[in-house]
file model.txt (compact mmCIF, C-alpha atoms)
# COMPACT_ATOMS: atom_id res chain seq x y z
CA MET U 1 21.83 52.90 2.32
CA LYS U 2 21.69 50.21 4.95
CA ASP U 3 23.94 47.36 5.98
CA TYR U 4 22.05 44.13 6.20
CA CYS U 5 23.28 41.74 8.89
CA PRO U 6 21.54 38.36 8.94
CA ASN U 7 21.59 36.31 12.14
CA LEU U 8 20.76 32.78 13.32
CA ASN U 9 18.63 33.74 16.35
CA TYR U 10 15.40 32.21 15.05
CA ILE U 11 17.09 29.10 13.68
CA LYS U 12 18.91 28.50 16.99
CA GLU U 13 15.68 28.93 18.92
CA MET U 14 13.96 26.44 16.58
CA SER U 15 16.82 23.96 16.74
CA GLU U 16 16.94 23.78 20.55
CA GLY U 17 20.50 22.47 20.30
CA ASP U 18 19.68 19.99 17.53
CA ALA U 19 22.79 20.54 15.42
CA ALA U 20 21.68 18.09 12.71
CA PHE U 21 18.40 19.98 12.22
CA GLN U 22 20.23 23.32 12.10
CA GLU U 23 22.68 22.05 9.51
CA ASN U 24 19.93 20.50 7.43
CA LEU U 25 17.79 23.65 7.57
CA LEU U 26 20.73 25.83 6.52
CA ASN U 27 21.42 23.47 3.62
CA VAL U 28 17.79 23.62 2.52
CA MET U 29 17.77 27.41 2.81
CA LYS U 30 21.03 27.75 0.95
CA SER U 31 20.00 25.68 -2.05
CA GLU U 32 16.50 27.14 -2.18
CA PHE U 33 17.78 30.69 -1.81
CA LYS U 34 20.35 30.21 -4.57
CA ARG U 35 17.66 28.91 -6.92
CA ASP U 36 15.10 31.58 -6.03
CA SER U 37 17.63 34.41 -6.39
CA LYS U 38 18.60 33.16 -9.82
CA VAL U 39 14.95 32.95 -10.91
CA TYR U 40 14.38 36.49 -9.59
CA VAL U 41 17.40 37.92 -11.43
CA ASP U 42 16.46 36.10 -14.67
CA ASP U 43 12.86 37.28 -14.49
CA PHE U 44 13.99 40.83 -13.73
CA SER U 45 16.29 40.87 -16.76
CA LYS U 46 13.27 39.90 -18.88
CA ALA U 47 11.11 42.58 -17.20
CA HIS U 48 8.72 39.90 -15.88
CA TYR U 49 7.99 41.97 -12.81
CA LEU U 50 4.92 40.11 -11.64
CA LYS U 51 6.92 36.87 -11.56
CA CYS U 52 9.65 38.78 -9.70
CA ALA U 53 7.05 39.88 -7.14
CA GLN U 54 6.02 36.25 -6.60
CA MET U 55 9.62 35.26 -6.05
CA VAL U 56 10.16 38.14 -3.60
CA HIS U 57 7.11 36.89 -1.72
CA LYS U 58 8.63 33.41 -1.56
CA MET U 59 11.91 34.86 -0.24
CA LEU U 60 10.22 37.00 2.45
CA HIS U 61 10.10 34.02 4.80
CA LYS U 62 13.85 33.42 4.59
CA ILE U 63 14.54 37.14 4.99
CA ALA U 64 12.47 37.11 8.19
CA ILE U 65 14.03 33.87 9.45
CA LEU U 66 17.46 35.50 9.18
CA GLY U 67 16.31 38.42 11.33
CA LEU U 68 16.55 41.10 8.64
CA SER U 69 13.71 43.31 9.81
CA ASP U 70 14.79 46.30 7.72
CA GLY U 71 15.36 44.00 4.77
CA TYR U 72 11.91 42.51 5.28
CA SER U 73 10.21 45.93 5.17
CA LEU U 74 12.13 46.96 2.08
CA SER U 75 11.31 43.64 0.38
CA LYS U 76 7.60 44.06 1.05
CA THR U 77 7.69 47.56 -0.39
CA HIS U 78 9.63 46.24 -3.38
CA LEU U 79 7.10 43.44 -3.86
CA GLU U 80 4.18 45.89 -4.02
CA ALA U 81 6.14 48.21 -6.33
CA LEU U 82 6.95 45.36 -8.72
CA LYS U 83 3.26 44.60 -9.08
CA VAL U 84 2.86 48.00 -10.75
CA ASP U 85 6.11 47.69 -12.75
CA ASN U 86 8.00 50.01 -10.41
CA THR U 87 11.62 48.84 -10.10
CA LYS U 88 12.81 51.63 -7.81
CA TYR U 89 13.85 49.25 -4.99
CA HIS U 90 15.56 46.60 -7.11
CA VAL U 91 19.13 47.71 -6.42
CA GLU U 92 18.54 47.85 -2.68
CA PHE U 93 16.84 44.45 -2.79
CA LEU U 94 19.92 42.99 -4.52
CA LYS U 95 21.97 44.11 -1.52
CA ILE U 96 19.71 42.07 0.73
CA LEU U 97 20.13 39.05 -1.52
CA GLU U 98 23.89 39.49 -1.49
CA ALA U 99 23.99 39.79 2.31
CA ILE U 100 21.95 36.60 2.69
CA SER U 101 23.95 34.73 0.09
CA ASN U 102 27.28 35.64 1.75
CA PHE U 103 25.88 34.75 5.17
CA LEU U 104 24.57 31.35 4.12
CA GLU U 105 27.82 30.51 2.32
CA SER U 106 29.87 31.42 5.39
CA LYS U 107 27.67 29.46 7.80
CA ASN U 108 27.37 26.25 5.89
CA LYS U 109 30.52 25.29 4.03
CA MET I 1 -3.40 13.43 15.01
CA ASN I 2 -2.18 12.61 11.52
CA CYS I 3 -1.15 15.64 9.51
CA ILE I 4 0.32 16.69 6.19
CA ILE I 5 2.25 19.83 5.25
CA ILE I 6 1.61 21.70 2.00
CA ASP I 7 4.01 24.51 1.13
CA ASP I 8 5.91 25.32 -2.05
CA GLU I 9 8.86 26.51 0.05
CA ALA I 10 11.18 23.73 1.28
CA THR I 11 12.45 25.89 4.17
CA ALA I 12 8.91 26.32 5.49
CA ARG I 13 8.21 22.59 5.21
CA ALA I 14 11.39 21.77 7.14
CA ILE I 15 10.43 24.16 9.95
CA ILE I 16 6.83 22.98 10.24
CA LYS I 17 8.01 19.35 10.21
CA LYS I 18 10.37 20.12 13.08
CA LEU I 19 7.59 21.86 15.03
CA CYS I 20 5.32 18.83 14.49
CA ASP I 21 8.06 16.39 15.50
CA ASN I 22 8.51 18.34 18.74
CA THR I 23 4.84 17.73 19.53
CA ASP I 24 3.78 14.32 20.84
CA ASP I 25 0.32 14.55 19.31
CA LEU I 26 1.21 15.17 15.67
CA VAL I 27 2.44 12.59 13.17
CA VAL I 28 3.58 13.99 9.81
CA ARG I 29 2.31 11.60 7.14
CA GLY I 30 3.39 13.61 4.12
CA GLU I 31 4.99 16.80 2.82
CA PHE I 32 3.93 18.37 -0.47
CA ASP I 33 5.23 21.32 -2.48
CA ASN I 34 2.12 21.28 -4.63
CA ALA I 35 -1.54 21.40 -3.59
CA LEU I 36 -2.74 19.27 -6.50
CA VAL I 37 -0.53 16.35 -5.52
CA ALA I 38 -1.64 16.75 -1.90
CA MET I 39 -5.28 16.65 -3.00
CA LYS I 40 -4.72 13.29 -4.70
CA TYR I 41 -3.06 12.02 -1.53
CA LEU I 42 -5.98 13.18 0.63
CA ASN I 43 -8.45 11.48 -1.67
CA LYS I 44 -6.67 8.19 -1.07
CA ASN I 45 -5.92 8.70 2.63
CA GLU I 46 -8.96 9.48 4.71
CA ASP I 47 -7.23 9.35 8.07
CA ILE I 48 -5.58 12.76 7.82
CA ASP I 49 -6.84 14.97 10.65
CA VAL I 50 -4.92 18.17 10.03
CA VAL I 51 -3.39 20.01 7.07
CA PHE I 52 -0.78 22.73 7.54
CA LEU I 53 -1.47 24.73 4.44
CA ASP I 54 0.40 27.62 2.83
CA ILE I 55 -2.03 30.07 1.27
CA HIS I 56 0.26 31.72 -1.20
CA MET I 57 1.28 29.12 -3.76
CA PRO I 58 1.62 29.61 -7.51
CA GLU I 59 -1.23 28.44 -9.75
CA PHE I 60 -3.31 26.75 -7.05
CA THR I 61 -3.67 28.69 -3.79
CA GLY I 62 -4.48 27.35 -0.35
CA PHE I 63 -8.04 28.67 -0.65
CA ASP I 64 -8.46 26.95 -4.04
CA PHE I 65 -7.32 23.77 -2.33
CA ILE I 66 -9.88 24.06 0.48
CA GLU I 67 -12.72 24.79 -1.92
CA THR I 68 -11.90 21.76 -4.02
CA LEU I 69 -12.14 19.29 -1.15
CA PRO I 70 -15.67 17.99 -0.50
CA SER I 71 -14.88 17.28 3.13
CA PRO I 72 -11.72 19.10 4.19
CA PRO I 73 -9.92 18.06 7.37
CA LYS I 74 -8.98 20.68 9.97
CA ILE I 75 -6.76 23.30 8.36
CA VAL I 76 -4.05 25.44 9.91
CA LEU I 77 -3.07 28.16 7.48
CA THR I 78 0.55 29.24 7.27
CA THR I 79 1.53 32.41 5.47
CA SER I 80 3.98 35.30 5.31
CA ASP I 81 1.06 37.58 4.59
CA LYS I 82 -1.33 38.81 7.27
CA ASN I 83 -3.81 40.12 4.72
CA PHE I 84 -5.65 36.84 4.27
CA ALA I 85 -6.79 36.57 7.90
CA ILE I 86 -10.30 37.90 7.24
CA GLU I 87 -10.89 35.56 4.30
CA ALA I 88 -9.73 32.67 6.48
CA PHE I 89 -12.64 33.16 8.85
CA GLU I 90 -15.07 32.35 6.04
CA TYR I 91 -14.08 28.68 6.17
CA ASP I 92 -15.35 26.48 8.99
CA CYS I 93 -12.50 24.03 8.56
CA ILE I 94 -9.80 26.64 9.28
CA VAL I 95 -8.76 26.28 12.88
CA ASP I 96 -5.87 28.72 13.06
CA TYR I 97 -3.75 31.12 11.07
CA LEU I 98 0.02 31.14 11.61
CA THR I 99 2.24 33.92 10.35
CA LYS I 100 5.73 32.90 9.21
CA PRO I 101 8.26 32.59 10.63
CA ILE I 102 6.27 30.46 13.07
CA THR I 103 7.44 30.44 16.67
CA GLN I 104 7.29 27.38 18.95
CA VAL I 105 4.95 29.18 21.34
CA ARG I 106 2.47 30.14 18.63
CA PHE I 107 2.61 26.66 17.11
CA ILE I 108 1.82 25.01 20.44
CA LYS I 109 -1.17 27.33 20.81
CA ALA I 110 -2.47 26.10 17.45
CA VAL I 111 -1.96 22.46 18.46
CA ASN I 112 -3.87 23.11 21.70
CA LYS I 113 -6.74 24.51 19.65
CA LEU I 114 -6.74 21.41 17.47
CA GLU I 115 -6.76 19.15 20.52
CA GLU I 116 -9.59 21.10 22.12
CA LEU I 117 -11.67 20.73 18.96
CA THR I 118 -11.00 17.00 18.84
CA LYS I 119 -12.04 16.63 22.49
CA ASN I 120 -15.22 18.62 21.96
CA ALA I 121 -16.04 16.54 18.90
CA SER I 122 -15.84 13.33 20.87
CA LYS I 123 -17.88 14.80 23.74
CA GLY I 124 -20.82 15.12 21.36
CA ASP I 125 -21.66 11.53 21.91
CA TYR I 126 -23.90 11.59 24.81
CA ASP I 127 -26.09 14.18 26.09
CA GLN I 128 -28.50 14.74 23.28
CA ASP I 129 -30.11 12.66 20.61
CA PHE I 130 -30.79 15.35 18.02
CA LEU I 131 -29.26 18.24 16.14
CA PHE I 132 -30.61 21.31 14.42
CA VAL I 133 -29.77 22.32 10.87
CA ASN I 134 -30.18 25.74 9.34
CA ILE I 135 -32.14 25.69 6.10
CA ASN I 136 -33.26 28.99 4.59
CA LYS I 137 -32.88 30.73 7.95
CA ARG I 138 -35.07 28.13 9.65
CA LEU I 139 -33.64 25.78 12.27
CA ILE I 140 -34.95 22.28 11.70
CA LYS I 141 -34.64 19.54 14.29
CA ILE I 142 -33.44 16.10 13.21
CA ASN I 143 -33.36 13.14 15.58
CA PHE I 144 -30.20 11.06 15.20
CA GLU I 145 -32.23 7.84 15.14
CA LYS I 146 -34.08 9.03 12.03
CA ILE I 147 -30.98 9.78 9.96
CA VAL I 148 -30.22 7.06 7.43
CA LEU I 149 -27.19 8.50 5.68
CA ILE I 150 -25.45 11.75 4.87
CA GLN I 151 -23.88 12.45 1.51
CA ALA I 152 -21.37 15.18 0.56
CA LYS I 153 -22.49 17.26 -2.39
CA GLY I 154 -19.94 20.00 -3.11
CA ASP I 155 -20.44 22.77 -0.57
CA TYR I 156 -23.53 21.02 0.77
CA VAL I 157 -24.54 17.75 2.38
CA LYS I 158 -27.69 15.78 1.74
CA ILE I 159 -29.16 14.33 4.93
CA GLN I 160 -31.42 11.41 4.15
CA THR I 161 -33.79 10.63 7.02
CA GLU I 162 -36.58 8.03 7.27
CA ASP I 163 -39.14 10.51 5.97
CA LYS I 164 -37.36 13.33 4.13
CA ASN I 165 -34.17 14.57 2.50
CA LEU I 166 -32.56 17.82 3.62
CA ILE I 167 -29.85 19.81 1.86
CA VAL I 168 -27.64 21.70 4.30
CA HIS I 169 -24.76 24.09 3.62
CA THR I 170 -21.96 22.40 5.57
CA THR I 171 -19.32 19.70 5.20
CA LEU I 172 -19.21 16.05 6.24
CA LYS I 173 -16.33 16.92 8.56
CA ASN I 174 -18.43 19.48 10.41
CA ILE I 175 -21.46 17.29 10.66
CA ILE I 176 -19.68 14.15 11.83
CA ALA I 177 -18.23 16.16 14.72
CA LYS I 178 -21.81 16.65 15.96
CA LEU I 179 -22.90 13.04 15.60
CA PRO I 180 -22.52 10.25 18.17
CA LYS I 181 -19.75 7.85 17.21
CA ARG I 182 -21.71 4.88 18.53
CA LEU I 183 -24.29 5.45 15.76
CA PHE I 184 -22.53 7.06 12.82
CA PHE I 185 -19.49 6.17 10.76
CA GLN I 186 -17.89 7.71 7.68
CA VAL I 187 -17.69 4.83 5.21
CA HIS I 188 -16.35 6.83 2.29
CA ARG I 189 -15.04 10.32 1.50
CA SER I 190 -18.59 11.25 0.51
CA TYR I 191 -20.78 9.21 2.88
CA ILE I 192 -21.62 8.91 6.56
CA VAL I 193 -24.05 6.15 7.50
CA ASN I 194 -26.17 5.36 10.52
CA LEU I 195 -24.88 1.93 11.56
CA LYS I 196 -28.33 0.88 12.77
CA LYS I 197 -29.81 1.47 9.30
CA ILE I 198 -27.41 -0.73 7.33
CA ASP I 199 -29.31 -3.62 5.70
CA SER I 200 -26.40 -5.50 4.18
CA ILE I 201 -22.86 -5.18 2.91
CA GLU I 202 -21.55 -6.86 -0.17
CA GLU I 203 -17.87 -6.37 -0.97
CA ASN I 204 -17.47 -2.57 -1.28
CA THR I 205 -21.16 -1.71 -1.37
CA ILE I 206 -23.38 -0.91 1.59
CA TYR I 207 -27.14 -1.36 1.13
CA ILE I 208 -29.00 1.08 3.33
CA GLY I 209 -32.42 2.74 3.35
CA GLY I 210 -33.41 1.49 -0.09
CA THR I 211 -30.22 2.71 -1.71
CA HIS I 212 -26.57 1.76 -1.79
CA VAL I 213 -23.33 3.63 -1.08
CA LYS I 214 -19.64 2.91 -1.58
CA LEU I 215 -17.48 1.56 1.21
CA SER I 216 -13.87 2.70 0.91
CA LYS I 217 -10.98 0.28 1.40
CA MET I 218 -9.64 2.50 4.21
CA ALA I 219 -12.93 2.54 6.10
CA ARG I 220 -13.75 -1.16 5.72
CA PRO I 221 -11.61 -2.61 8.58
CA LYS I 222 -12.93 -0.06 11.10
CA LEU I 223 -16.52 -0.62 9.98
CA MET I 224 -16.09 -4.38 10.42
CA GLU I 225 -14.95 -3.72 13.99
CA LEU I 226 -18.03 -1.62 14.70
CA LEU I 227 -20.52 -4.16 13.40
CA ASN I 228 -21.79 -6.97 15.53
CA ILE I 229 -20.52 -9.75 13.30
CA ILE I 230 -20.94 -13.41 14.31
call {"tool": "encode", "arguments": {"input": "model.txt", "output": "structure tokens"}}
result
Amino acid sequence: MKDYCPNLNYIKEMSEGDAAFQENLLNVMKSEFKRDSKVYVDDFSKAHYLKCAQMVHKMLHKIAILGLSDGYSLSKTHLEALKVDNTKYHVEFLKILEAISNFLESKNK
Amino acid sequence: MNCIIIDDEATARAIIKKLCDNTDDLVVRGEFDNALVAMKYLNKNEDIDVVFLDIHMPEFTGFDFIETLPSPPKIVLTTSDKNFAIEAFEYDCIVDYLTKPITQVRFIKAVNKLEELTKNASKGDYDQDFLFVNINKRLIKINFEKIVLIQAKGDYVKIQTEDKNLIVHTTLKNIIAKLPKRLFFQVHRSYIVNLKKIDSIEENTIYIGGTHVKLSKMARPKLMELLNII
């Protein structure tokens, strides 16, 4: 079991000190992530695994932006597994979602 | 260069917009979360030079989008997935392939490529007065002076010359890059004309070489500038 620790390295590099951009980007990420996570969880509860895989694909970018390299690898593996109805990595993937959700909430209140 | 961004992910659009804004040469004219809406926009706005296009979108992918456009502008693909790189090389309009998250350094490299292509396209003007087209593995020479008009036809273009018509597997965008700007002008999404061959213009119709073609509202002011009107 891993601890997932998101960071702002990429976002800071992109922002180049532009605080307004950073704040706006975090807001966009927060609302989009909340929506995507909900869709993923709903689809998973209905066993719509292909739809879940599409949503994991959409979230890969945000996982990478937040510097979660281990989380990114696990998510890609999970995505491929979901395509063949294998849910083995779901619980671990939820931990990544939780880590990101907590991080975004703490950074952008 | 005017550009648009197509990506179903708002985070990606925000980042690409920022990267464009940091570059003097790019003006973002629109952001779209849906390729179909973007296609309608492109049909009405012919002055878009570059599209930053996400490949992986639900229902209508980036590749579907490219194949639907008769004359696609330059495309820079953006994706979280490296697996599409080989397929990307099958399209002439694709200039670069950026893997997300996109870094400033990599983005600037893509912009440099775009600028280089634009420069090379405008160089075309001068040294030669012909081009060769590949038809059934045979290279056929066509003198610029003989071309009357060029029409987009799906994946092909029809080149109408003074004495023959040729069907070539390419796009208007590719072909106009090879033509001298002093002679040729794109008057509509589907037509390039040789300015010297125009017989008359009446409202939004150009009479040329015994036929007539549409003149788009967007192209009209520029065409009027190019013609020697008294």
call {"tool": "closest_residue", "arguments": {"input": "model.txt", "among": "U:Leu79, U:Leu74, U:Ile65, U:Cys5", "to": "chain I", "atoms": "only C-alpha atoms"}}
result
U:Ile65
call {"tool": "closest_residue", "arguments": {"input": "model.txt", "among": "U:His61, U:Phe33, U:Glu105, U:Leu50", "to": "U:His78", "atoms": "only C-alpha atoms"}}
result
U:Leu50
call {"tool": "closest_residue", "arguments": {"input": "model.txt", "among": "U:Tyr4, U:Phe93, U:Phe103, U:Phe21", "to": "chain I", "atoms": "all atoms listed in the file"}}
result
U:Phe21
call {"tool": "closest_atom_pairs", "arguments": {"input": "model.txt", "of": "chain U", "to": "chain I", "cutoff": "9 Å", "atoms": "all atoms listed in the file", "output": "tab-separated table"}}
result
residue	atom	partner	partner_atom	distance
U:Tyr10	CA	I:Thr103	CA	8.3
U:Glu13	CA	I:Gln104	CA	8.5
U:Met14	CA	I:Gln104	CA	7.1
U:Ser15	CA	I:Lys18	CA	8.4
U:Phe21	CA	I:Lys18	CA	8.1
U:Asn24	CA	I:Ala14	CA	8.6
U:Leu25	CA	I:Ala14	CA	6.7
U:Leu26	CA	I:Thr11	CA	8.6
U:Val28	CA	I:Thr11	CA	6.0
U:Met29	CA	I:Thr11	CA	5.7
U:Glu32	CA	I:Ala10	CA	7.2
U:Gln54	CA	I:Pro58	CA	8.0
U:His57	CA	I:Ser80	CA	7.9
U:Lys58	CA	I:Glu9	CA	7.1
U:Met59	CA	I:Glu9	CA	8.9
U:Leu60	CA	I:Ser80	CA	7.1
U:His61	CA	I:Ser80	CA	6.3
U:Lys62	CA	I:Thr11	CA	7.7
U:Ala64	CA	I:Pro101	CA	6.6
U:Ile65	CA	I:Pro101	CA	6.0
call {"tool": "atom_distance", "arguments": {"input": "model.txt", "atom1": "atom CA of I:Asn134", "atom2": "atom CA of I:Pro70"}}
result
19.2 Å
call {"tool": "residues_around", "arguments": {"input": "model.txt", "residues": "I:Asn165", "least_positions_apart": "4", "cutoff": "10 Å", "atoms": "all atoms listed in the file", "output": "list in words"}}
result
Ile147, Val148, Leu149, Ile150, Lys158, Ile159, Gln160 and Thr161 of chain I
call {"tool": "atom_distance", "arguments": {"input": "model.txt", "atom1": "atom CA of I:Lys113", "atom2": "atom CA of I:Ile4"}}
result
17.1 Å
call {"tool": "atom_distance", "arguments": {"input": "model.txt", "atom1": "atom CA of U:Lys76", "atom2": "atom CA of U:Arg35"}}
result
19.9 Å
call {"tool": "residues_around", "arguments": {"input": "model.txt", "residues": "I:Ala88", "least_positions_apart": "6", "cutoff": "9 Å", "atoms": "all atoms listed in the file", "output": "ChimeraX atom specification"}}
result
/I:63,77,94,96-97
call {"tool": "residues_near_point", "arguments": {"input": "model.txt", "point": "(-27.6, -1.9, 3.6)", "cutoff": "12 Å", "atoms": "only C-alpha atoms", "output": "list in words"}}
result
Val148, Leu149, Val193, Asn194, Leu195, Lys196, Lys197, Ile198, Asp199, Ser200, Ile201, Glu202, Glu203, Asn204, Thr205, Ile206, Tyr207, Ile208, Gly209, Gly210, Thr211, His212, Val213, Lys214 and Leu215 of chain I
call {"tool": "residues_around", "arguments": {"input": "model.txt", "residues": "U:Asn102", "least_positions_apart": "4", "cutoff": "12 Å", "atoms": "all atoms listed in the file", "output": "list in words"}}
result
Tyr4, Cys5, Pro6, Asn7, Lys30, Phe33, Lys34, Lys95, Ile96, Leu97, Glu98, Ser106, Lys107, Asn108 and Lys109 of chain U
call {"tool": "write_last_selection", "arguments": {"input": "model.txt", "atoms": "C-alpha atoms", "output": "tab-separated table (two decimals), keeping the file's coordinate frame"}}
result
chain	number	residue	atom	x	y	z
U	4	TYR	CA	22.05	44.13	6.20
U	5	CYS	CA	23.28	41.74	8.89
U	6	PRO	CA	21.54	38.36	8.94
U	7	ASN	CA	21.59	36.31	12.14
U	30	LYS	CA	21.03	27.75	0.95
U	33	PHE	CA	17.78	30.69	-1.81
U	34	LYS	CA	20.35	30.21	-4.57
U	95	LYS	CA	21.97	44.11	-1.52
U	96	ILE	CA	19.71	42.07	0.73
U	97	LEU	CA	20.13	39.05	-1.52
U	98	GLU	CA	23.89	39.49	-1.49
U	106	SER	CA	29.87	31.42	5.39
U	107	LYS	CA	27.67	29.46	7.80
U	108	ASN	CA	27.37	26.25	5.89
U	109	LYS	CA	30.52	25.29	4.03
call {"tool": "build_atoms", "arguments": {"input": "model.txt", "residues": "stretch 77-85 of chain I", "atoms": "all heavy atoms", "output": "tab-separated table (two decimals), in the coordinates of the input"}}
result
chain	number	residue	atom	x	y	z
I	77	LEU	N	-3.69	27.41	8.56
I	77	LEU	CA	-3.07	28.16	7.48
I	77	LEU	C	-1.71	28.68	7.91
I	77	LEU	O	-1.54	29.09	9.07
I	77	LEU	CB	-3.95	29.35	7.08
I	77	LEU	CG	-5.26	29.03	6.37
I	77	LEU	CD1	-5.99	30.33	6.06
I	77	LEU	CD2	-5.03	28.25	5.08
I	78	THR	N	-0.77	28.67	6.99
I	78	THR	CA	0.55	29.24	7.27
I	78	THR	C	0.85	30.23	6.15
I	78	THR	O	0.65	29.90	4.98
I	78	THR	CB	1.63	28.13	7.29
I	78	THR	OG1	1.66	27.49	6.03
I	78	THR	CG2	1.35	27.11	8.38
I	79	THR	N	1.31	31.40	6.50
I	79	THR	CA	1.53	32.41	5.47
I	79	THR	C	2.50	33.49	5.95
I	79	THR	O	2.63	33.73	7.15
I	79	THR	CB	0.20	33.07	5.06
I	79	THR	OG1	0.46	34.09	4.11
I	79	THR	CG2	-0.52	33.66	6.24
I	80	SER	N	3.14	34.14	4.98
I	80	SER	CA	3.98	35.30	5.31
I	80	SER	C	3.15	36.57	5.26
I	80	SER	O	3.63	37.65	5.54
I	80	SER	CB	5.13	35.43	4.31
I	80	SER	OG	5.91	34.27	4.31
I	81	ASP	N	1.91	36.43	4.87
I	81	ASP	CA	1.06	37.58	4.59
I	81	ASP	C	-0.12	37.63	5.56
I	81	ASP	O	-0.90	36.69	5.61
I	81	ASP	CB	0.55	37.44	3.15
I	81	ASP	CG	0.07	38.73	2.59
I	81	ASP	OD1	-0.39	39.59	3.38
I	81	ASP	OD2	0.14	38.89	1.36
I	82	LYS	N	-0.23	38.71	6.30
I	82	LYS	CA	-1.33	38.81	7.27
I	82	LYS	C	-2.66	39.18	6.62
I	82	LYS	O	-3.71	39.12	7.25
I	82	LYS	CB	-1.00	39.85	8.34
I	82	LYS	CG	0.12	39.41	9.25
I	82	LYS	CD	0.59	40.55	10.14
I	82	LYS	CE	1.80	40.08	10.94
I	82	LYS	NZ	2.66	41.16	11.37
I	83	ASN	N	-2.61	39.56	5.35
I	83	ASN	CA	-3.81	40.12	4.72
I	83	ASN	C	-4.92	39.13	4.46
I	83	ASN	O	-6.02	39.52	4.11
I	83	ASN	CB	-3.44	40.79	3.39
I	83	ASN	CG	-2.51	41.96	3.62
I	83	ASN	OD1	-2.51	42.54	4.71
I	83	ASN	ND2	-1.71	42.29	2.64
I	84	PHE	N	-4.63	37.84	4.59
I	84	PHE	CA	-5.65	36.84	4.27
I	84	PHE	C	-6.49	36.45	5.49
I	84	PHE	O	-7.39	35.63	5.39
I	84	PHE	CB	-5.01	35.57	3.70
I	84	PHE	CG	-4.41	35.76	2.35
I	84	PHE	CD1	-3.05	35.66	2.16
I	84	PHE	CD2	-5.21	36.01	1.24
I	84	PHE	CE1	-2.48	35.82	0.91
I	84	PHE	CE2	-4.66	36.17	-0.01
I	84	PHE	CZ	-3.29	36.07	-0.18
I	85	ALA	N	-6.16	37.02	6.65
I	85	ALA	CA	-6.79	36.57	7.90
I	85	ALA	C	-8.31	36.65	7.83
I	85	ALA	O	-9.01	35.73	8.25
I	85	ALA	CB	-6.28	37.39	9.07
